[in-house]
>>> print(open('run05.tsv').read())   # TSV, C-alpha atoms and all ligand atoms
chain	number	residue	atom	x	y	z
A	218	MET	CA	9.32	11.48	-6.70
A	219	LYS	CA	5.87	12.71	-5.58
A	220	VAL	CA	3.90	9.89	-3.96
A	221	GLY	CA	0.21	10.30	-3.12
A	222	ILE	CA	-1.52	7.90	-0.75
A	223	VAL	CA	-5.29	7.62	-1.11
A	224	GLY	CA	-6.55	6.55	2.33
A	225	GLY	CA	-3.16	7.58	3.70
A	226	THR	CA	-4.60	8.06	7.20
A	227	GLY	CA	-5.04	4.30	7.71
A	228	ASP	CA	-2.67	1.68	9.04
A	229	ILE	CA	-0.75	0.86	5.90
A	230	GLY	CA	-0.96	4.40	4.51
A	231	GLU	CA	0.54	5.98	7.63
A	232	GLY	CA	3.23	3.30	7.84
A	233	ILE	CA	4.30	3.62	4.22
A	234	ALA	CA	4.21	7.43	4.49
A	235	MET	CA	6.64	7.26	7.41
A	236	ARG	CA	9.06	5.09	5.43
A	237	LEU	CA	8.84	7.01	2.14
A	238	SER	CA	8.73	10.62	3.33
A	239	SER	CA	12.42	10.83	4.17
A	240	LYS	CA	13.26	10.11	0.50
A	241	HIS	CA	10.21	11.31	-1.43
A	242	ASP	CA	7.58	14.04	-1.35
A	243	VAL	CA	4.57	12.26	0.19
A	244	VAL	CA	0.97	13.51	-0.01
A	245	ILE	CA	-1.36	11.83	2.49
A	246	GLY	CA	-4.92	11.76	1.15
A	247	SER	CA	-8.19	11.35	3.04
A	248	ARG	CA	-11.90	11.90	2.60
A	249	ASP	CA	-11.44	14.36	5.49
A	250	GLU	CA	-8.71	16.94	4.96
A	251	GLU	CA	-8.39	17.65	8.69
A	252	LYS	CA	-7.67	13.96	9.30
A	253	ALA	CA	-5.05	14.07	6.55
A	254	HIS	CA	-3.36	17.06	8.24
A	255	GLU	CA	-3.27	15.16	11.55
A	256	SER	CA	-1.67	12.12	9.90
A	257	SER	CA	0.80	14.33	8.07
A	258	ASP	CA	1.78	16.16	11.29
A	259	ALA	CA	2.19	12.83	13.12
A	260	CYS	CA	4.32	11.43	10.29
A	261	TYR	CA	6.53	14.56	10.27
A	262	ALA	CA	7.02	14.37	14.06
A	263	ARG	CA	7.91	10.65	14.04
A	264	VAL	CA	10.35	10.88	11.13
A	265	THR	CA	12.14	14.07	12.16
A	266	GLU	CA	12.55	12.93	15.80
A	267	LEU	CA	14.87	10.27	14.35
A	268	GLY	CA	16.93	13.01	12.70
A	269	LEU	CA	15.70	12.14	9.22
A	270	PRO	CA	14.48	14.65	6.64
A	271	CYS	CA	10.76	14.54	5.91
A	272	ILE	CA	8.54	15.99	3.20
A	273	VAL	CA	4.89	15.22	3.83
A	274	SER	CA	1.57	17.02	3.55
A	275	GLY	CA	-2.09	16.18	4.09
A	276	HIS	CA	-4.86	16.83	1.55
A	277	SER	CA	-8.06	15.40	0.11
A	278	ASN	CA	-7.82	12.09	-1.74
A	279	GLN	CA	-8.37	13.96	-5.03
A	280	GLU	CA	-5.45	16.28	-4.32
A	281	ALA	CA	-3.29	13.30	-3.41
A	282	VAL	CA	-3.97	12.05	-6.94
A	283	ASP	CA	-3.55	15.44	-8.62
A	284	ARG	CA	-0.27	16.35	-6.85
A	285	SER	CA	1.50	13.00	-7.37
A	286	ASP	CA	3.34	10.95	-9.99
A	287	ILE	CA	2.67	7.69	-8.14
A	288	VAL	CA	-0.61	7.03	-6.31
A	289	ILE	CA	-0.88	4.26	-3.72
A	290	LEU	CA	-4.44	3.01	-3.09
A	291	ALA	CA	-4.31	2.29	0.67
A	292	ILE	CA	-8.01	1.50	0.93
A	293	PRO	CA	-9.78	-1.63	2.23
A	294	PHE	CA	-11.02	-3.82	-0.61
A	295	ARG	CA	-14.71	-3.28	0.22
A	296	HIS	CA	-14.36	0.51	-0.22
A	297	ILE	CA	-12.36	0.55	-3.43
A	298	LYS	CA	-15.29	0.87	-5.88
A	299	PRO	CA	-16.91	3.96	-4.29
A	300	THR	CA	-13.49	5.49	-3.68
A	301	LEU	CA	-12.28	5.12	-7.25
A	302	SER	CA	-15.58	6.25	-8.72
A	303	SER	CA	-15.27	9.48	-6.70
A	304	LEU	CA	-11.76	10.26	-8.01
A	305	HIS	CA	-10.42	11.29	-11.44
A	306	GLY	CA	-7.18	12.24	-13.15
A	307	PHE	CA	-5.34	8.91	-13.02
A	308	GLU	CA	-4.42	8.96	-16.72
A	309	GLY	CA	-0.65	8.78	-17.21
A	310	LYS	CA	0.01	8.20	-13.52
A	311	ILE	CA	1.48	5.14	-11.89
A	312	VAL	CA	-1.08	3.62	-9.51
A	313	VAL	CA	-0.07	1.03	-6.92
A	314	SER	CA	-2.49	-1.45	-5.36
A	315	PRO	CA	-1.47	-3.01	-2.01
A	316	ILE	CA	-5.05	-4.33	-1.65
A	317	ASN	CA	-5.67	-7.84	-0.35
A	318	PRO	CA	-9.28	-9.08	-0.49
A	319	MET	CA	-9.77	-11.49	2.39
A	320	GLU	CA	-12.11	-12.48	5.19
A	321	LYS	CA	-11.61	-13.74	8.70
A	322	ARG	CA	-13.66	-16.90	9.23
A	323	ASP	CA	-12.29	-19.76	11.40
A	324	PHE	CA	-9.07	-18.77	9.65
A	325	PHE	CA	-8.15	-16.08	7.12
A	326	VAL	CA	-9.41	-16.76	3.58
A	327	TYR	CA	-8.46	-15.08	0.29
A	328	THR	CA	-11.68	-13.80	-1.29
A	329	PRO	CA	-10.84	-12.43	-4.75
A	330	PRO	CA	-13.48	-10.80	-6.94
A	331	PRO	CA	-14.62	-12.49	-10.21
A	332	GLU	CA	-11.86	-10.58	-12.08
A	333	GLY	CA	-9.32	-12.81	-10.26
A	334	SER	CA	-7.63	-10.35	-7.91
A	335	ALA	CA	-8.05	-6.91	-6.37
A	336	ALA	CA	-5.48	-5.54	-8.82
A	337	LEU	CA	-7.37	-6.91	-11.85
A	338	LEU	CA	-10.63	-5.44	-10.50
A	339	VAL	CA	-8.94	-2.08	-9.91
A	340	ARG	CA	-7.72	-2.15	-13.52
A	341	THR	CA	-11.32	-2.23	-14.76
A	342	MET	CA	-12.11	0.90	-12.71
A	343	LEU	CA	-9.20	3.07	-13.87
A	344	PRO	CA	-9.14	4.99	-17.15
A	345	PRO	CA	-7.06	3.78	-20.12
A	346	GLY	CA	-3.52	5.10	-19.86
A	347	THR	CA	-3.27	4.46	-16.11
A	348	LEU	CA	-0.10	2.53	-15.28
A	349	LEU	CA	-1.24	0.04	-12.65
A	350	CYS	CA	1.08	-2.12	-10.54
A	351	SER	CA	0.58	-4.06	-7.32
A	352	ALA	CA	3.12	-3.80	-4.49
A	353	PHE	CA	3.36	-3.47	-0.69
A	354	ASN	CA	0.81	-6.32	-0.25
A	355	THR	CA	2.78	-8.49	2.18
A	356	VAL	CA	4.44	-6.20	4.76
A	357	ALA	CA	2.36	-5.57	7.90
A	358	ALA	CA	1.56	-1.95	8.75
A	359	ASN	CA	3.09	-2.40	12.23
A	360	LYS	CA	6.43	-3.14	10.61
A	361	TRP	CA	6.32	-0.02	8.43
A	362	LYS	CA	5.41	2.05	11.51
A	363	ALA	CA	8.17	0.67	13.76
A	364	LEU	CA	10.56	3.28	12.43
A	365	SER	CA	13.41	2.55	14.81
A	366	GLU	CA	13.40	-1.16	13.88
A	367	PRO	CA	15.28	-2.29	10.76
A	368	LEU	CA	13.20	-3.94	8.04
A	369	ASP	CA	14.14	-7.22	6.35
A	370	PHE	CA	11.37	-8.00	3.88
A	371	ALA	CA	10.78	-8.74	0.23
A	372	VAL	CA	8.10	-6.94	-1.74
A	373	PRO	CA	6.87	-8.58	-4.96
A	374	VAL	CA	5.84	-6.06	-7.64
A	375	CYS	CA	3.44	-6.97	-10.46
A	376	GLY	CA	2.56	-4.89	-13.50
A	377	ASP	CA	2.06	-4.95	-17.25
A	378	ASP	CA	4.02	-1.78	-18.13
A	379	PRO	CA	7.78	-2.45	-17.80
A	380	ALA	CA	8.74	1.21	-17.34
A	381	ALA	CA	6.10	1.80	-14.64
A	382	LYS	CA	7.09	-1.42	-12.89
A	383	ALA	CA	10.74	-0.32	-12.90
A	384	VAL	CA	9.73	2.95	-11.20
A	385	VAL	CA	7.77	1.05	-8.53
A	386	LEU	CA	10.65	-1.40	-7.99
A	387	ASP	CA	12.95	1.62	-7.44
A	388	LEU	CA	10.42	3.21	-5.08
A	389	VAL	CA	10.27	0.05	-2.96
A	390	ARG	CA	14.07	-0.31	-3.00
A	391	SER	CA	14.43	3.26	-1.74
A	392	ILE	CA	13.23	1.99	1.66
A	393	PRO	CA	16.23	0.61	3.60
A	394	GLY	CA	15.94	-3.10	4.41
A	395	VAL	CA	13.31	-3.81	1.78
A	396	SER	CA	14.12	-5.74	-1.37
A	397	ALA	CA	11.83	-5.55	-4.38
A	398	TYR	CA	11.27	-8.36	-6.88
A	399	ASP	CA	9.65	-8.28	-10.30
A	400	ALA	CA	6.91	-10.91	-9.85
A	401	GLY	CA	5.63	-10.63	-13.42
A	402	PRO	CA	2.48	-9.18	-15.00
A	403	LEU	CA	-0.57	-7.89	-13.16
A	404	ALA	CA	-2.18	-11.31	-13.68
A	405	VAL	CA	0.24	-12.66	-11.03
A	406	SER	CA	-1.21	-10.32	-8.37
A	407	SER	CA	-3.66	-12.96	-7.11
A	408	MET	CA	-0.67	-15.11	-6.10
A	409	VAL	CA	0.80	-12.19	-4.15
A	410	GLU	CA	-2.47	-11.02	-2.59
A	411	CYS	CA	-3.26	-14.50	-1.25
A	412	LEU	CA	0.07	-14.57	0.62
A	413	THR	CA	-1.32	-12.18	3.23
A	414	PRO	CA	-4.10	-14.45	4.55
A	415	LEU	CA	-1.48	-17.22	4.59
A	416	LEU	CA	0.90	-15.02	6.63
A	417	LEU	CA	-1.92	-14.10	9.02
A	418	ASN	CA	-2.82	-17.78	9.49
A	419	ILE	CA	0.83	-18.63	10.16
A	420	ALA	CA	1.03	-15.78	12.69
A	421	ARG	CA	-2.17	-16.90	14.40
A	422	PHE	CA	-1.52	-20.63	14.57
A	423	ASN	CA	2.13	-20.22	15.60
A	424	ARG	CA	1.63	-17.32	18.02
A	425	MET	CA	3.75	-15.00	15.94
A	426	ARG	CA	3.25	-11.31	15.03
A	427	ASP	CA	3.54	-9.44	11.76
A	428	VAL	CA	4.94	-12.34	9.73
A	429	GLY	CA	6.46	-11.32	6.39
A	430	ILE	CA	8.35	-12.84	3.47
A	431	GLN	CA	11.88	-12.86	2.13
A	432	PHE	CA	13.21	-14.66	-1.00
A	433	ARG	CA	16.59	-16.38	-0.61
B	501	LIG	N1	-2.87	-3.17	7.45
B	501	LIG	C1	-1.91	-3.90	6.94
B	501	LIG	O1	-1.04	-4.43	7.68
B	501	LIG	C2	-1.85	-4.14	5.45
B	501	LIG	C3	-0.71	-4.79	4.89
B	501	LIG	C4	-0.64	-4.97	3.51
B	501	LIG	C5	-1.68	-4.54	2.69
B	501	LIG	N2	-2.79	-3.94	3.25
B	501	LIG	C6	-3.88	-3.49	2.37
B	501	LIG	O2	-3.87	-2.08	2.39
B	501	LIG	C7	-5.21	-1.59	2.28
B	501	LIG	C8	-5.47	-0.64	3.44
B	501	LIG	O3	-5.37	-1.36	4.65
B	501	LIG	P1	-5.42	-0.61	6.07
B	501	LIG	O4	-5.24	-1.66	7.10
B	501	LIG	O5	-4.49	0.56	6.06
B	501	LIG	O6	-6.94	-0.09	6.08
B	501	LIG	P2	-7.68	0.86	7.13
B	501	LIG	O7	-6.69	1.42	8.09
B	501	LIG	O8	-8.84	0.09	7.68
B	501	LIG	O9	-8.29	1.99	6.19
B	501	LIG	C9	-7.48	2.81	5.36
B	501	LIG	C10	-8.22	4.10	5.03
B	501	LIG	O10	-9.34	3.83	4.19
B	501	LIG	C11	-10.22	4.93	4.31
B	501	LIG	N3	-11.61	4.46	4.40
B	501	LIG	C12	-12.20	3.82	5.43
B	501	LIG	N4	-13.51	3.60	5.16
B	501	LIG	C13	-13.73	4.10	3.92
B	501	LIG	C14	-14.88	4.20	3.10
B	501	LIG	N5	-16.08	3.73	3.49
B	501	LIG	N6	-14.73	4.80	1.89
B	501	LIG	C15	-13.54	5.30	1.50
B	501	LIG	N7	-12.41	5.24	2.26
B	501	LIG	C16	-12.52	4.65	3.44
B	501	LIG	C17	-9.89	5.68	5.60
B	501	LIG	O11	-9.35	6.94	5.23
B	501	LIG	P3	-10.14	8.33	5.50
B	501	LIG	O12	-11.15	8.09	6.59
B	501	LIG	O13	-9.05	9.23	5.94
B	501	LIG	O14	-10.73	8.69	4.19
B	501	LIG	C18	-8.84	4.79	6.23
B	501	LIG	O15	-7.88	5.52	6.98
B	501	LIG	C19	-6.14	-2.81	2.32
B	501	LIG	O16	-6.62	-3.06	1.04
B	501	LIG	C20	-5.25	-3.94	2.83
B	501	LIG	O17	-5.61	-5.19	2.27
B	501	LIG	C21	-2.88	-3.72	4.61
>>> encode(input="run05.tsv", output="structure tokens", more="lines below")
Ligand SMILES: NC(=O)c1ccc[n+]([C@@H]2O[C@H](COP(=O)([O-])OP(=O)(O)OC[C@H]3O[C@@H](n4cnc5c(N)ncnc54)[C@H](OP(=O)(O)O)[C@@H]3O)[C@@H](O)[C@H]2O)c1
Amino acid sequence: MKVGIVGGTGDIGEGIAMRLSSKHDVVIGSRDEEKAHESSDACYARVTELGLPCIVSGHSNQEAVDRSDIVILAIPFRHIKPTLSSLHGFEGKIVVSPINPMEKRDFFVYTPPPEGSAALLVRTMLPPGTLLCSAFNTVAANKWKALSEPLDFAVPVCGDDPAAKAVVLDLVRSIPGVSAYDAGPLAVSSMVECLTPLLLNIARFNRMRDVGIQFR
């Protein structure tokens, strides 16, 4: 599977690239191709030093879209509109939103757009025929990046196209230690996105780090 990561040089993009590139062909995208090469080289070094295979490359965000079957939008919520309006070619591709709109006030607050969630806003910005799902919203980047530590997390996946959602569920399950759950249609994404400010509040008020979820 070819997986492109728009904004793949950031915290979550680099972490997910490290976890996926031993099983899939990962294309790290950036506004700055040189930065993408640096992230790709760092990912290759980290993964192969553990004796794992690794297929990863760094390109522009547009090439990350063009070269991939699945595109992960690893972009902060406030930058998603200009980013998506600068890219094209999403038709027929599976697009994954891990985006959580939130603000840090006295505590972390979920701040969804009028559409109801980041995923529902993203849907309005993608062309018809794009197969949009949300996933990877609730695992902290530090956990993805701690390659030598085993993972034990659940990832809810939302989406309206059953076949696309099945592909994303399989993609998530290809990462050892991560279980994937069908959380329902894209309309459920708000319930998943708002878990992250909750997890950050729990971490803060209980002096914990990188709190995640598991369903048992
Ligand atoms: N961090 C986490 O633990 C975590 C966990 C779950 C979900 N998420 C979600 O994942 C998304 C990415 O989070 P992150 O922490 O990885 O973000 P980040 O590190 O702050 O940024 C990710 C990438 O976005 C690009 N970017 C920055 N400013 C931009 C701009 N003005 N226009 C276009 N692109 C810009 C940058 O890539 P280039 O400079 O290379 O273009 C940057 O490397 C967010 O929506 C967040 O809610 C994060």
>>> closest_residue(input="run05.tsv", among="A:Met235, A:Ala357, A:Val339, A:Ala381", to="Thr413 of chain A", atoms="only C-alpha atoms")
A:Ala357
>>> closest_atom_pairs(input="run05.tsv", of="chain A", to="ligand LIG 501 (chain B)", cutoff="7 Å", atoms="all atoms listed in the file", output="CSV")
residue,atom,partner,partner_atom,distance
A:Gly224,CA,B:LIG501,C10,4.0
A:Gly225,CA,B:LIG501,O15,6.1
A:Thr226,CA,B:LIG501,O15,4.2
A:Gly227,CA,B:LIG501,O15,3.2
A:Asp228,CA,B:LIG501,O5,3.7
A:Ile229,CA,B:LIG501,O5,3.8
A:Gly230,CA,B:LIG501,O5,5.4
A:Gly246,CA,B:LIG501,O13,6.8
A:Ser247,CA,B:LIG501,O13,3.7
A:Arg248,CA,B:LIG501,O14,3.8
A:Asp249,CA,B:LIG501,O13,5.7
A:Lys252,CA,B:LIG501,O13,6.0
A:Ala253,CA,B:LIG501,O13,6.3
A:Ala291,CA,B:LIG501,C8,4.2
A:Ile292,CA,B:LIG501,C8,4.2
A:Pro293,CA,B:LIG501,O16,3.7
A:Phe294,CA,B:LIG501,O16,4.8
A:His296,CA,B:LIG501,N6,4.8
A:Ile297,CA,B:LIG501,C15,6.9
A:Pro299,CA,B:LIG501,N6,6.6
A:Thr300,CA,B:LIG501,C15,5.2
A:Pro315,CA,B:LIG501,C5,4.9
A:Ile316,CA,B:LIG501,O16,3.4
A:Asn317,CA,B:LIG501,O17,3.7
A:Pro318,CA,B:LIG501,O17,6.0
A:Phe353,CA,B:LIG501,C4,6.0
A:Asn354,CA,B:LIG501,C5,4.2
A:Thr355,CA,B:LIG501,C4,5.1
A:Val356,CA,B:LIG501,C3,5.3
A:Ala357,CA,B:LIG501,O1,3.6
A:Ala358,CA,B:LIG501,O1,3.7
A:Asn359,CA,B:LIG501,O1,6.5
>>> atom_distance(input="run05.tsv", atom1="atom CA of Ser285 of chain A", atom2="atom CA of Ile430 of chain A")
28.8 Å
>>> closest_atom_pairs(input="run05.tsv", of="segment 271-327 of chain A", to="segment 370-377 of chain A", cutoff="12 Å", atoms="only C-alpha atoms", output="tab-separated table")
residue	atom	partner	partner_atom	distance
A:Ile311	CA	A:Gly376	CA	10.2
A:Val312	CA	A:Gly376	CA	10.1
A:Val313	CA	A:Gly376	CA	9.2
A:Ser314	CA	A:Cys375	CA	9.6
A:Pro315	CA	A:Val374	CA	9.7
>>> residues_near_point(input="run05.tsv", point="(-2.0, -12.9, 5.7)", cutoff="12 Å", atoms="all atoms listed in the file", output="number ranges by chain")
A: 316-321, 324-328, 354-358, 409-422, 425-430
>>> atom_distance(input="run05.tsv", atom1="atom CA of Val288 of chain A", atom2="atom CA of Gly221 of chain A")
4.6 Å
>>> closest_residue(input="run05.tsv", among="A:Asp323, A:Pro329, A:Val405, A:Leu301", to="Ala352 of chain A", atoms="all atoms listed in the file")
A:Val405
>>> closest_residue(input="run05.tsv", among="A:Leu388, A:Ile287, A:Ala336, A:Val220", to="Met408 of chain A", atoms="only C-alpha atoms")
A:Ala336
>>> atom_distance(input="run05.tsv", atom1="atom CA of Phe432 of chain A", atom2="atom CA of Val395 of chain A")
11.2 Å
>>> axis_aligned_box(input="run05.tsv", around="segment 281-293 of chain A", padding_each_side="8 Å", output="lines of an AutoDock Vina configuration file")
center_x = -3.2
center_y = 7.4
center_z = -3.9
size_x = 29.1
size_y = 34.0
size_z = 28.2
>>> closest_residue(input="run05.tsv", among="A:Asn278, A:Ser303, A:Gln431, A:Ser406", to="Arg340 of chain A", atoms="only C-alpha atoms")
A:Ser406
>>> closest_residue(input="run05.tsv", among="A:Arg295, A:His241, A:Arg236, A:His254", to="Leu267 of chain A", atoms="all atoms listed in the file")
A:Arg236
>>> closest_residue(input="run05.tsv", among="A:Leu269, A:Ala397, A:Val384, A:Val243", to="Ser365 of chain A", atoms="all atoms listed in the file")
A:Leu269
>>> decode(input="run05.tsv", residues="segment 250-270 of chain A", atoms="N, CA, C and O atoms", output="PDB file, in the first residue's frame")
ATOM      1  N   GLU A 250      10.488  20.606   0.008  1.00  0.00           N
ATOM      2  CA  GLU A 250      10.951  19.255  -0.340  1.00  0.00           C
ATOM      3  C   GLU A 250      12.208  18.856   0.427  1.00  0.00           C
ATOM      4  O   GLU A 250      12.368  17.682   0.798  1.00  0.00           O
ATOM      5  N   GLU A 251      13.085  19.826   0.694  1.00  0.00           N
ATOM      6  CA  GLU A 251      14.316  19.529   1.429  1.00  0.00           C
ATOM      7  C   GLU A 251      13.994  19.018   2.837  1.00  0.00           C
ATOM      8  O   GLU A 251      14.593  18.068   3.343  1.00  0.00           O
ATOM      9  N   LYS A 252      12.993  19.670   3.451  1.00  0.00           N
ATOM     10  CA  LYS A 252      12.546  19.248   4.791  1.00  0.00           C
ATOM     11  C   LYS A 252      11.975  17.828   4.734  1.00  0.00           C
ATOM     12  O   LYS A 252      12.215  17.006   5.633  1.00  0.00           O
ATOM     13  N   ALA A 253      11.267  17.536   3.661  1.00  0.00           N
ATOM     14  CA  ALA A 253      10.700  16.185   3.496  1.00  0.00           C
ATOM     15  C   ALA A 253      11.812  15.149   3.367  1.00  0.00           C
ATOM     16  O   ALA A 253      11.729  14.049   3.927  1.00  0.00           O
ATOM     17  N   HIS A 254      12.882  15.499   2.636  1.00  0.00           N
ATOM     18  CA  HIS A 254      14.025  14.568   2.497  1.00  0.00           C
ATOM     19  C   HIS A 254      14.658  14.313   3.867  1.00  0.00           C
ATOM     20  O   HIS A 254      15.004  13.178   4.199  1.00  0.00           O
ATOM     21  N   GLU A 255      14.798  15.385   4.661  1.00  0.00           N
ATOM     22  CA  GLU A 255      15.409  15.219   5.992  1.00  0.00           C
ATOM     23  C   GLU A 255      14.567  14.296   6.864  1.00  0.00           C
ATOM     24  O   GLU A 255      15.087  13.409   7.544  1.00  0.00           O
ATOM     25  N   SER A 256      13.251  14.486   6.839  1.00  0.00           N
ATOM     26  CA  SER A 256      12.372  13.613   7.632  1.00  0.00           C
ATOM     27  C   SER A 256      12.435  12.178   7.143  1.00  0.00           C
ATOM     28  O   SER A 256      12.431  11.233   7.933  1.00  0.00           O
ATOM     29  N   SER A 257      12.483  12.029   5.826  1.00  0.00           N
ATOM     30  CA  SER A 257      12.534  10.683   5.242  1.00  0.00           C
ATOM     31  C   SER A 257      13.839   9.981   5.617  1.00  0.00           C
ATOM     32  O   SER A 257      13.858   8.807   5.991  1.00  0.00           O
ATOM     33  N   ASP A 258      14.966  10.714   5.558  1.00  0.00           N
ATOM     34  CA  ASP A 258      16.262  10.131   5.941  1.00  0.00           C
ATOM     35  C   ASP A 258      16.258   9.742   7.426  1.00  0.00           C
ATOM     36  O   ASP A 258      16.750   8.672   7.808  1.00  0.00           O
ATOM     37  N   ALA A 259      15.672  10.615   8.264  1.00  0.00           N
ATOM     38  CA  ALA A 259      15.633  10.328   9.706  1.00  0.00           C
ATOM     39  C   ALA A 259      14.761   9.108   9.977  1.00  0.00           C
ATOM     40  O   ALA A 259      15.106   8.246  10.799  1.00  0.00           O
ATOM     41  N   CYS A 260      13.649   9.020   9.280  1.00  0.00           N
ATOM     42  CA  CYS A 260      12.744   7.865   9.447  1.00  0.00           C
ATOM     43  C   CYS A 260      13.485   6.575   9.045  1.00  0.00           C
ATOM     44  O   CYS A 260      13.475   5.591   9.786  1.00  0.00           O
ATOM     45  N   TYR A 261      14.157   6.618   7.878  1.00  0.00           N
ATOM     46  CA  TYR A 261      14.869   5.424   7.392  1.00  0.00           C
ATOM     47  C   TYR A 261      15.925   4.978   8.412  1.00  0.00           C
ATOM     48  O   TYR A 261      16.040   3.795   8.737  1.00  0.00           O
ATOM     49  N   ALA A 262      16.669   5.960   8.958  1.00  0.00           N
ATOM     50  CA  ALA A 262      17.734   5.629   9.919  1.00  0.00           C
ATOM     51  C   ALA A 262      17.139   4.992  11.181  1.00  0.00           C
ATOM     52  O   ALA A 262      17.642   3.973  11.672  1.00  0.00           O
ATOM     53  N   ARG A 263      16.063   5.567  11.704  1.00  0.00           N
ATOM     54  CA  ARG A 263      15.465   5.066  12.947  1.00  0.00           C
ATOM     55  C   ARG A 263      14.895   3.653  12.773  1.00  0.00           C
ATOM     56  O   ARG A 263      15.041   2.793  13.649  1.00  0.00           O
ATOM     57  N   VAL A 264      14.235   3.435  11.645  1.00  0.00           N
ATOM     58  CA  VAL A 264      13.558   2.142  11.440  1.00  0.00           C
ATOM     59  C   VAL A 264      14.579   1.042  11.143  1.00  0.00           C
ATOM     60  O   VAL A 264      14.523  -0.047  11.721  1.00  0.00           O
ATOM     61  N   THR A 265      15.547   1.342  10.283  1.00  0.00           N
ATOM     62  CA  THR A 265      16.502   0.301   9.898  1.00  0.00           C
ATOM     63  C   THR A 265      17.485  -0.020  11.030  1.00  0.00           C
ATOM     64  O   THR A 265      18.005  -1.134  11.087  1.00  0.00           O
ATOM     65  N   GLU A 266      17.723   0.936  11.942  1.00  0.00           N
ATOM     66  CA  GLU A 266      18.647   0.621  13.053  1.00  0.00           C
ATOM     67  C   GLU A 266      18.028  -0.437  13.978  1.00  0.00           C
ATOM     68  O   GLU A 266      18.728  -1.074  14.752  1.00  0.00           O
ATOM     69  N   LEU A 267      16.712  -0.613  13.878  1.00  0.00           N
ATOM     70  CA  LEU A 267      16.057  -1.679  14.650  1.00  0.00           C
ATOM     71  C   LEU A 267      16.001  -2.990  13.869  1.00  0.00           C
ATOM     72  O   LEU A 267      15.367  -3.958  14.288  1.00  0.00           O
ATOM     73  N   GLY A 268      16.618  -3.010  12.694  1.00  0.00           N
ATOM     74  CA  GLY A 268      16.657  -4.222  11.884  1.00  0.00           C
ATOM     75  C   GLY A 268      15.393  -4.446  11.078  1.00  0.00           C
ATOM     76  O   GLY A 268      15.162  -5.537  10.538  1.00  0.00           O
ATOM     77  N   LEU A 269      14.556  -3.416  10.985  1.00  0.00           N
ATOM     78  CA  LEU A 269      13.308  -3.541  10.234  1.00  0.00           C
ATOM     79  C   LEU A 269      13.505  -3.040   8.806  1.00  0.00           C
ATOM     80  O   LEU A 269      14.324  -2.159   8.565  1.00  0.00           O
ATOM     81  N   PRO A 270      12.726  -3.584   7.860  1.00  0.00           N
ATOM     82  CA  PRO A 270      12.772  -3.013   6.514  1.00  0.00           C
ATOM     83  C   PRO A 270      12.114  -1.637   6.520  1.00  0.00           C
ATOM     84  O   PRO A 270      11.341  -1.316   7.435  1.00  0.00           O
TER      85      PRO A 270
END
